[in-house]
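Visitor: work-v1.csv is reproduced in full below (CSV, C-alpha atoms).
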```csv
chain,number,residue,atom,x,y,z
A,1,MET,CA,-119.5,187.7,75.3
A,2,SER,CA,-120.5,184.2,74.1
A,3,PRO,CA,-120.0,183.4,70.4
A,4,TRP,CA,-123.6,182.4,70.2
A,5,ARG,CA,-124.7,185.8,71.4
A,6,CYS,CA,-122.2,187.5,69.0
A,7,ARG,CA,-123.7,185.6,66.0
A,8,TRP,CA,-126.7,187.8,65.8
A,9,TYR,CA,-124.5,190.9,65.8
A,10,ARG,CA,-121.9,189.6,63.3
A,11,ARG,CA,-124.7,188.8,60.8
A,12,ARG,CA,-125.4,192.5,60.9
A,13,LEU,CA,-121.9,194.0,60.8
A,14,VAL,CA,-121.8,194.5,57.0
A,15,ASP,CA,-125.2,196.3,57.1
A,16,TYR,CA,-124.0,198.3,60.2
A,17,ARG,CA,-120.9,199.4,58.3
A,18,GLU,CA,-123.0,200.4,55.3
A,19,GLY,CA,-125.5,202.2,57.5
A,20,ALA,CA,-128.2,200.0,56.2
A,21,LEU,CA,-129.7,198.8,59.5
A,22,PRO,CA,-132.9,200.2,61.0
A,23,ARG,CA,-132.1,202.8,63.6
A,24,GLY,CA,-132.9,200.5,66.6
A,25,GLN,CA,-130.7,197.7,65.3
A,26,GLN,CA,-127.9,200.2,64.5
A,27,GLN,CA,-127.9,201.4,68.1
A,28,ARG,CA,-128.0,197.9,69.5
A,29,VAL,CA,-125.1,196.8,67.4
A,30,GLU,CA,-123.2,199.9,68.4
A,31,ALA,CA,-123.7,199.2,72.0
A,32,HIS,CA,-122.5,195.6,71.5
A,33,LEU,CA,-119.4,196.7,69.7
A,34,ASN,CA,-118.4,198.9,72.7
A,35,LEU,CA,-118.5,195.7,74.9
A,36,CYS,CA,-117.2,193.0,72.6
A,37,PRO,CA,-113.5,193.1,71.5
A,38,ALA,CA,-113.9,190.2,69.1
A,39,CYS,CA,-116.7,191.9,67.2
A,40,GLY,CA,-114.8,195.2,67.5
A,41,GLU,CA,-112.0,193.5,65.6
A,42,GLU,CA,-114.3,192.5,62.8
A,43,ILE,CA,-115.9,195.9,62.4
A,44,ALA,CA,-112.4,197.3,62.3
A,45,ALA,CA,-111.5,194.9,59.4
A,46,LEU,CA,-114.7,195.9,57.6
A,47,ARG,CA,-113.6,199.6,57.9
A,48,GLU,CA,-109.9,199.4,57.1
A,49,VAL,CA,-109.5,196.6,54.5
A,50,PRO,CA,-111.9,198.1,51.9
A,51,LEU,CA,-110.4,201.6,52.4
A,52,THR,CA,-106.9,200.2,51.8
A,53,LEU,CA,-108.0,198.2,48.8
A,54,GLN,CA,-109.8,201.2,47.3
A,55,ALA,CA,-106.5,203.1,47.2
A,56,THR,CA,-105.0,200.5,44.8
A,57,VAL,CA,-105.2,201.0,41.1
A,58,VAL,CA,-105.0,198.7,38.1
A,59,PRO,CA,-102.2,199.8,35.8
A,60,ASP,CA,-103.6,201.6,32.7
A,61,PRO,CA,-102.5,199.7,29.6
A,62,GLY,CA,-102.4,202.9,27.6
A,63,ALA,CA,-104.5,204.7,24.9
A,64,GLN,CA,-103.1,202.5,22.2
A,65,PHE,CA,-104.4,199.4,24.0
A,66,TRP,CA,-107.9,200.8,24.3
A,67,ARG,CA,-108.0,201.8,20.7
A,68,GLN,CA,-106.8,198.3,19.6
A,69,GLN,CA,-109.3,196.6,21.9
A,70,GLN,CA,-112.2,198.7,20.5
A,71,GLU,CA,-111.1,198.0,16.9
A,72,ALA,CA,-110.8,194.2,17.6
A,73,ILE,CA,-114.2,194.1,19.3
A,74,GLY,CA,-115.7,196.1,16.4
A,75,ARG,CA,-114.3,193.7,13.9
A,76,ALA,CA,-115.6,190.7,15.8
A,77,ILE,CA,-119.2,192.1,16.1
A,78,ARG,CA,-119.2,193.0,12.4
A,79,ASN,CA,-118.4,189.4,11.5
A,80,ALA,CA,-120.9,188.1,14.1
A,81,PRO,CA,-124.6,187.5,13.3
A,82,ALA,CA,-126.8,190.4,14.2
A,83,PRO,CA,-128.5,190.0,17.5
A,84,ARG,CA,-132.1,188.8,17.3
A,85,THR,CA,-134.9,189.8,19.6
A,86,SER,CA,-138.4,188.6,20.1
A,87,TRP,CA,-141.4,190.9,19.6
A,88,TRP,CA,-142.1,190.8,23.3
A,89,ARG,CA,-138.5,191.7,24.3
A,90,ALA,CA,-138.4,194.4,21.7
A,91,ARG,CA,-141.5,196.0,23.2
A,92,ARG,CA,-140.1,195.7,26.7
A,93,ALA,CA,-136.8,197.3,25.5
A,94,ASP,CA,-138.9,200.2,24.3
A,95,GLY,CA,-140.2,200.7,27.7
A,96,TRP,CA,-143.5,199.0,27.1
A,97,ARG,CA,-145.0,197.6,30.3
A,98,LEU,CA,-148.2,195.9,31.2
A,99,GLU,CA,-150.4,198.8,32.4
A,100,TRP,CA,-152.9,198.0,35.2
A,101,TRP,CA,-155.9,198.2,32.8
A,102,ARG,CA,-154.3,195.5,30.6
A,103,TYR,CA,-154.8,192.8,33.2
A,104,PRO,CA,-158.7,193.0,33.4
A,105,LEU,CA,-158.7,193.3,29.6
A,106,ALA,CA,-156.7,190.1,29.2
A,107,ALA,CA,-158.9,188.4,31.8
A,108,ALA,CA,-162.1,189.5,29.9
A,109,ALA,CA,-160.6,188.2,26.6
A,110,SER,CA,-159.8,184.9,28.2
A,111,VAL,CA,-163.4,184.5,29.5
A,112,LEU,CA,-164.8,185.3,26.1
A,113,ILE,CA,-162.6,182.7,24.5
A,114,ALA,CA,-163.6,180.1,27.1
A,115,VAL,CA,-167.3,180.8,26.6
A,116,ALA,CA,-166.9,180.5,22.8
A,117,VAL,CA,-165.1,177.2,23.1
A,118,TYR,CA,-167.7,175.9,25.6
A,119,HIS,CA,-170.6,177.0,23.3
A,120,PHE,CA,-169.2,175.2,20.2
A,121,ALA,CA,-168.2,172.1,22.2
A,122,ALA,CA,-171.6,171.8,23.8
A,123,SER,CA,-173.6,172.0,20.5
A,124,PRO,CA,-175.6,168.8,19.7
A,125,PRO,CA,-173.7,166.5,17.4
A,126,VAL,CA,-174.6,166.4,13.7
A,127,THR,CA,-176.1,163.0,12.8
A,128,ALA,CA,-175.6,161.5,9.4
A,129,PRO,CA,-178.9,160.9,7.5
A,130,GLY,CA,-179.9,157.3,7.6
A,131,ALA,CA,-182.8,155.0,7.0
A,132,SER,CA,-186.0,155.3,9.0
A,133,GLU,CA,-187.3,152.6,11.2
A,134,GLU,CA,-190.0,151.8,8.6
A,135,GLU,CA,-187.5,151.5,5.8
A,136,LEU,CA,-185.4,149.1,7.8
A,137,ALA,CA,-188.4,147.0,8.8
A,138,ALA,CA,-189.4,146.7,5.1
A,139,LEU,CA,-186.1,144.9,4.2
A,140,ASP,CA,-186.4,141.1,4.1
A,141,THR,CA,-183.7,138.7,5.4
A,142,ASP,CA,-182.5,137.9,1.9
A,143,SER,CA,-181.8,141.5,1.2
A,144,LEU,CA,-179.9,142.0,4.4
A,145,LEU,CA,-177.9,138.8,4.3
A,146,SER,CA,-177.1,138.1,0.6
A,147,LEU,CA,-174.0,136.1,0.3
A,148,ARG,CA,-172.3,138.6,-1.9
A,149,ASP,CA,-172.9,141.4,0.5
A,150,LEU,CA,-171.5,139.2,3.2
A,151,MET,CA,-168.4,138.4,1.2
A,152,GLN,CA,-167.9,142.0,0.4
A,153,THR,CA,-167.9,142.7,4.1
A,154,LEU,CA,-165.5,139.8,4.9
A,155,VAL,CA,-163.1,139.8,2.0
A,156,PRO,CA,-161.0,142.8,0.9
A,157,ALA,CA,-162.0,144.4,-2.4
A,158,ASP,CA,-159.0,143.1,-4.3
A,159,GLU,CA,-159.6,139.6,-3.2
A,160,GLN,CA,-163.3,139.4,-4.0
A,161,ILE,CA,-164.5,136.9,-6.5
A,162,THR,CA,-165.1,138.2,-9.9
A,163,ASP,CA,-165.2,135.0,-11.9
A,164,ASP,CA,-168.7,134.1,-12.8
A,165,GLY,CA,-167.8,130.4,-12.5
A,166,ASP,CA,-167.4,130.9,-8.8
A,167,ASP,CA,-171.0,132.0,-8.3
A,168,ALA,CA,-172.1,128.4,-8.3
A,169,LEU,CA,-169.5,127.5,-5.7
A,170,LEU,CA,-170.5,130.4,-3.5
A,171,ALA,CA,-174.1,129.6,-3.9
A,172,ALA,CA,-173.3,126.2,-2.3
A,173,LEU,CA,-172.3,127.7,1.0
A,174,PRO,CA,-174.5,126.6,3.9
A,175,LEU,CA,-176.6,129.8,4.2
A,176,ASP,CA,-178.4,128.4,7.2
A,177,ALA,CA,-175.2,129.0,9.2
A,178,PHE,CA,-175.6,132.7,8.5
A,179,ALA,CA,-179.4,133.2,8.2
A,180,GLY,CA,-181.1,130.4,10.0
A,181,SER,CA,-183.8,129.0,7.8
A,182,ALA,CA,-183.6,131.6,5.2
A,183,GLY,CA,-181.3,129.7,2.8
A,184,SER,CA,-181.7,129.8,-0.9
A,185,ALA,CA,-183.7,126.8,-2.2
A,186,ALA,CA,-182.2,127.0,-5.7
A,187,ALA,CA,-178.7,126.8,-4.5
A,188,PRO,CA,-176.8,123.5,-5.2
A,189,GLN,CA,-175.9,121.3,-2.3
A,190,THR,CA,-172.3,120.6,-1.4
A,191,ASP,CA,-172.6,116.9,-2.1
A,192,GLU,CA,-173.3,117.8,-5.7
A,193,LEU,CA,-169.8,119.3,-6.1
A,194,SER,CA,-166.7,117.6,-7.2
A,195,ASP,CA,-163.7,117.2,-4.8
A,196,SER,CA,-161.8,119.9,-6.6
A,197,GLU,CA,-164.7,122.3,-6.4
A,198,LEU,CA,-165.2,121.6,-2.7
A,199,GLU,CA,-161.5,122.2,-2.1
A,200,LYS,CA,-161.7,125.5,-4.0
A,201,LEU,CA,-164.8,126.5,-2.0
A,202,TYR,CA,-163.2,125.7,1.3
A,203,THR,CA,-160.1,127.6,0.3
A,204,LEU,CA,-162.3,130.6,-0.4
A,205,VAL,CA,-164.5,130.6,2.6
A,206,GLY,CA,-162.9,128.2,5.1
A,207,ASP,CA,-164.3,125.2,6.8
A,208,PHE,CA,-167.6,125.8,8.5
A,209,GLY,CA,-167.7,122.2,9.8
B,1,MET,CA,-127.2,208.5,25.2
B,2,ASP,CA,-127.9,206.0,28.0
B,3,ASP,CA,-127.3,202.3,27.8
B,4,ALA,CA,-131.0,201.4,27.2
B,5,ALA,CA,-131.1,203.7,24.1
B,6,LEU,CA,-127.8,202.3,22.8
B,7,ILE,CA,-129.0,198.7,23.3
B,8,ARG,CA,-132.2,199.5,21.3
B,9,GLY,CA,-130.0,201.0,18.6
B,10,ALA,CA,-127.8,197.9,18.5
B,11,LEU,CA,-130.8,195.7,18.3
B,12,ALA,CA,-132.2,197.8,15.5
B,13,GLY,CA,-128.9,197.1,13.5
B,14,ARG,CA,-126.9,200.1,14.4
B,15,ARG,CA,-123.5,198.5,15.3
B,16,GLU,CA,-122.0,201.9,16.1
B,17,ASP,CA,-124.3,202.1,19.1
B,18,PHE,CA,-122.7,198.9,20.4
B,19,ASP,CA,-119.3,200.5,19.7
B,20,ALA,CA,-120.4,203.3,22.1
B,21,LEU,CA,-121.4,200.7,24.7
B,22,VAL,CA,-117.9,199.1,24.4
B,23,GLU,CA,-116.3,202.5,24.8
B,24,HIS,CA,-118.4,203.3,27.8
B,25,HIS,CA,-117.8,200.0,29.7
B,26,GLN,CA,-114.4,198.6,28.6
B,27,ARG,CA,-112.2,200.3,31.2
B,28,PRO,CA,-114.1,199.3,34.3
B,29,LEU,CA,-114.7,195.9,32.8
B,30,TYR,CA,-111.0,195.4,32.1
B,31,ALA,CA,-110.2,196.5,35.7
B,32,PHE,CA,-112.7,194.0,37.1
B,33,ILE,CA,-111.3,191.2,35.0
B,34,TYR,CA,-107.7,192.1,35.8
B,35,ARG,CA,-108.4,192.2,39.5
B,36,MET,CA,-109.9,188.7,39.2
B,37,ILE,CA,-107.1,187.0,37.2
B,38,HIS,CA,-104.1,189.4,37.5
B,39,ASP,CA,-103.0,188.8,33.9
B,40,HIS,CA,-103.0,191.5,31.3
B,41,ASP,CA,-103.2,189.4,28.2
B,42,GLN,CA,-105.9,187.1,29.5
B,43,SER,CA,-107.9,190.0,30.8
B,44,ALA,CA,-107.8,191.6,27.3
B,45,ASP,CA,-108.9,188.3,25.8
B,46,ILE,CA,-111.8,187.8,28.3
B,47,MET,CA,-112.9,191.4,27.7
B,48,GLN,CA,-113.2,190.8,24.0
B,49,VAL,CA,-115.1,187.6,24.4
B,50,THR,CA,-117.4,189.2,27.0
B,51,PHE,CA,-118.4,192.0,24.6
B,52,LEU,CA,-118.8,189.6,21.7
B,53,GLN,CA,-121.1,187.4,23.8
B,54,ALA,CA,-123.0,190.4,25.0
B,55,TYR,CA,-123.5,191.5,21.4
B,56,THR,CA,-124.7,188.1,20.0
B,57,HIS,CA,-127.0,187.6,23.0
B,58,LEU,CA,-128.2,191.2,23.2
B,59,GLY,CA,-131.7,190.0,22.3
B,60,ARG,CA,-131.8,188.0,25.6
B,61,PHE,CA,-130.9,191.0,27.7
B,62,ALA,CA,-134.1,191.4,29.7
B,63,GLY,CA,-133.2,194.6,31.5
B,64,ARG,CA,-133.9,193.3,35.0
B,65,ALA,CA,-130.4,194.4,36.0
B,66,SER,CA,-128.2,197.0,34.5
B,67,PHE,CA,-126.2,196.4,31.3
B,68,LYS,CA,-123.1,196.8,33.4
B,69,THR,CA,-124.2,194.1,35.8
B,70,TRP,CA,-125.0,191.8,32.9
B,71,LEU,CA,-121.5,192.4,31.4
B,72,TYR,CA,-119.8,191.6,34.7
B,73,GLN,CA,-121.9,188.4,34.9
B,74,ILE,CA,-120.6,187.3,31.5
B,75,ALA,CA,-117.1,188.2,32.4
B,76,LEU,CA,-117.2,186.4,35.6
B,77,ASN,CA,-118.4,183.3,33.8
B,78,GLN,CA,-115.4,183.6,31.5
B,79,CYS,CA,-113.1,183.9,34.5
B,80,ARG,CA,-114.6,180.8,36.0
B,81,ALA,CA,-114.2,178.9,32.7
B,82,LEU,CA,-110.5,180.0,32.7
B,83,TYR,CA,-110.1,178.5,36.2
B,84,ARG,CA,-111.9,175.4,35.2
B,85,ALA,CA,-109.5,175.0,32.3
B,86,GLY,CA,-106.7,175.2,34.8
B,87,ARG,CA,-105.2,178.3,33.3
B,88,GLY,CA,-105.9,180.6,36.1
B,89,GLN,CA,-104.2,180.9,39.5
B,90,GLN,CA,-106.6,179.2,41.8
B,91,HIS,CA,-104.4,179.5,44.9
B,92,VAL,CA,-101.3,181.5,45.4
B,93,SER,CA,-99.0,181.0,48.4
B,94,LEU,CA,-98.1,183.9,50.6
B,95,GLU,CA,-94.5,183.5,49.5
B,96,GLU,CA,-95.6,183.9,45.9
B,97,VAL,CA,-97.6,186.9,46.8
B,98,GLU,CA,-94.7,188.6,48.6
B,99,GLU,CA,-92.4,187.8,45.6
B,100,ALA,CA,-94.8,189.6,43.4
B,101,VAL,CA,-94.9,192.8,45.4
B,102,PRO,CA,-92.7,195.2,43.6
B,103,LEU,CA,-91.3,196.9,46.7
B,104,ARG,CA,-89.7,193.8,48.0
B,105,ALA,CA,-88.6,192.7,44.5
B,106,ALA,CA,-87.0,196.1,44.1
B,107,GLY,CA,-84.6,195.3,46.9
B,108,GLY,CA,-86.3,196.7,49.9
B,109,SER,CA,-86.0,195.1,53.3
B,110,GLY,CA,-89.6,194.1,53.2
B,111,SER,CA,-90.5,195.8,56.5
B,112,GLU,CA,-92.1,198.7,54.5
B,113,ILE,CA,-94.5,196.2,53.1
B,114,VAL,CA,-96.0,195.0,56.4
B,115,ASP,CA,-95.5,198.3,58.2
B,116,GLY,CA,-96.7,200.3,55.3
B,117,GLY,CA,-94.3,202.8,53.6
B,118,PRO,CA,-94.6,206.5,54.1
B,119,ASP,CA,-97.7,206.5,51.9
B,120,GLY,CA,-98.9,203.0,52.9
B,121,SER,CA,-98.3,201.7,49.4
B,122,GLY,CA,-96.6,198.5,50.6
B,123,ARG,CA,-99.6,197.3,52.6
B,124,ARG,CA,-102.0,198.2,49.8
B,125,LEU,CA,-100.0,196.2,47.3
B,126,LEU,CA,-99.7,193.2,49.6
B,127,LEU,CA,-103.4,193.3,50.4
B,128,GLU,CA,-104.4,193.5,46.7
B,129,ARG,CA,-102.2,190.5,46.0
B,130,LEU,CA,-103.7,188.6,48.9
B,131,ILE,CA,-107.0,188.8,47.3
B,132,VAL,CA,-105.8,186.2,44.8
B,133,ARG,CA,-105.6,183.7,47.6
B,134,LEU,CA,-109.3,184.1,48.3
B,135,PRO,CA,-111.8,181.5,46.9
B,136,LEU,CA,-113.1,182.7,43.6
B,137,ARG,CA,-116.6,183.6,44.9
B,138,GLN,CA,-115.2,185.7,47.8
B,139,ARG,CA,-112.7,187.4,45.5
B,140,ALA,CA,-115.5,188.2,43.1
B,141,VAL,CA,-117.7,189.6,45.9
B,142,VAL,CA,-114.9,191.8,47.3
B,143,THR,CA,-113.9,193.0,43.9
B,144,LEU,CA,-117.4,193.9,42.8
B,145,ARG,CA,-118.2,195.6,46.1
B,146,VAL,CA,-114.9,197.5,46.8
B,147,PHE,CA,-113.7,198.3,43.3
B,148,SER,CA,-116.8,198.3,41.2
B,149,ASP,CA,-119.0,199.8,43.9
B,150,LEU,CA,-121.9,197.5,43.1
B,151,PRO,CA,-124.7,197.1,45.6
B,152,PHE,CA,-125.0,193.7,47.2
B,153,LYS,CA,-128.3,193.2,45.4
B,154,ASP,CA,-126.5,193.4,42.0
B,155,ILE,CA,-123.6,191.3,43.3
B,156,ALA,CA,-126.1,188.6,44.4
B,157,HIS,CA,-127.6,188.7,40.9
B,158,ILE,CA,-124.2,188.3,39.2
B,159,GLU,CA,-123.2,185.4,41.5
B,160,GLY,CA,-126.6,183.8,41.4
B,161,ILE,CA,-126.8,183.8,45.2
B,162,SER,CA,-129.0,185.5,47.8
B,163,GLU,CA,-128.2,189.0,48.9
B,164,ASN,CA,-127.6,187.8,52.4
B,165,SER,CA,-125.2,185.1,51.1
B,166,ALA,CA,-123.3,187.9,49.2
B,167,LYS,CA,-122.9,189.8,52.5
B,168,VAL,CA,-121.7,186.8,54.4
B,169,ASN,CA,-119.1,186.0,51.7
B,170,TYR,CA,-118.0,189.6,51.8
B,171,HIS,CA,-117.7,189.6,55.6
B,172,HIS,CA,-115.7,186.4,55.6
B,173,ALA,CA,-113.4,187.6,52.9
B,174,ILE,CA,-112.6,190.9,54.6
B,175,VAL,CA,-112.0,189.3,58.0
B,176,ARG,CA,-109.8,186.7,56.3
B,177,LEU,CA,-107.7,189.3,54.4
B,178,ARG,CA,-107.1,191.2,57.7
B,179,ARG,CA,-106.0,188.0,59.5
B,180,TRP,CA,-103.5,187.2,56.7
B,181,LEU,CA,-102.1,190.7,56.9
B,182,HIS,CA,-101.6,190.3,60.7
B,183,GLU,CA,-100.1,186.9,60.2
B,184,ASP,CA,-97.6,188.4,57.8
B,185,GLU,CA,-96.9,191.2,60.2
B,186,SER,CA,-96.2,188.9,63.1
```
When written as structure tokens, how does the structure in this file appear?

Guide:
Amino acid sequence: MSPWRCRWYRRRLVDYREGALPRGQQQRVEAHLNLCPACGEEIAALREVPLTLQATVVPDPGAQFWRQQQEAIGRAIRNAPAPRTSWWRARRADGWRLEWWRYPLAAAASVLIAVAVYHFAASPPVTAPGASEEELAALDTDSLLSLRDLMQTLVPADEQITDDGDDALLAALPLDAFAGSAGSAAAPQTDELSDSELEKLYTLVGDFG
Amino acid sequence: MDDAALIRGALAGRREDFDALVEHHQRPLYAFIYRMIHDHDQSADIMQVTFLQAYTHLGRFAGRASFKTWLYQIALNQCRALYRAGRGQQHVSLEEVEEAVPLRAAGGSGSEIVDGGPDGSGRRLLLERLIVRLPLRQRAVVTLRVFSDLPFKDIAHIEGISENSAKVNYHHAIVRLRRWLHEDES
């Protein structure tokens, strides 16, 4: 019998020995064993060796050993932290299992949660109250682009100019650069300022040149 | 009281329930460990560590396999750790095995070992000692199947292998043991 052909049978020898094969395979293996000495040797080993081994015994260390062992283990577990278990495992240990009706219940709950989340997510956004179109149109350019408002936008609060003396310097800024022709007629021109005032002005707002 | 009830009691804080689990399982567990490492003192140590680990991790015991299977799995991991640390006998020569057989050490001719004495005890002892020469996995599979009478499904769970792989390991180990016996006889 070729080793290749024996391979199919040898894979089933353990189950054959245990009587765990389907009846058809059991008979087929049995027929093969009557013809193949090599496989016959293997099934003989599977019969004899375990039987011989089962007859051996481990020497009993004695009653005193078992008592001492139990005491030692008892001491060790009393010094050990108590075992912890999660709620889920505790329920499982109590024999609690997912009954069939819990699955559709869980599915329905999931659908409800999904619908609720979708409903709140799809609601129109709440808009902040603001000025109407007419109110915005009523504002003139000076109101929208006053220099102080602009500086408050550009300069951090702690760096904003608080000295009244600086108002004149600020008023000298070329407003045309910001607001086209809507500059302030009363504002002093830069050529009226001294060098030190100009330097201070440029330090504050930079060179628009 | 069955294992499941004792485990619930231990988890609820009743340590005497775990004492009962120890009393119920310590003898077969010791026999399994002893057959794996053939050393009484180390077997006792591993048994204590196994029960302590089982207690501290009792909350993780999922109950997919029996408590006995879980204990054997912990014990086998301890045996592996022992071998990794180099303290276990990984391989024993046939000469060492024969020296360890009491019949020959007691001054017998040795023929009763290979031929089997009147009661076949020589062959039994030799065969049991030959198991030590098997690779650790094959030794564990044979020990769990032959001595602990565990089904291959549980053995596969303990070893972390497929059921078919457990059967193949068992088959190879048994055939190999018989070949060693025949070699010794010849």

Visitor: Near chain B, meaning an atom within 6 Å, which residues of chain A appear when counting only C-alpha atoms? Write them as a list of chain:residue names.

Guide: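 My answer is A:Ala45, A:Pro50, A:Thr52, A:Ile73, A:Pro83, A:Arg84, A:Thr85.
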
Visitor: Quick one: pull the distance between atom CA of B:Ile37 and atom CA of A:Ile77, Å, one decimal.

Guide: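 Computing it gives 24.9 Å between the two atoms.
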
Visitor: Could you tell me how far atom CA of B:Val141 lies from atom CA of B:Asp39, in Å and to one decimal?

Guide: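 Here the two named atoms are 19.0 Å from each other.
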
Visitor: How many Å lie between atom CA of A:Gln68 and atom CA of A:Thr56, rounded to one decimal?

Guide: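 Those two atoms sit 25.4 Å apart.
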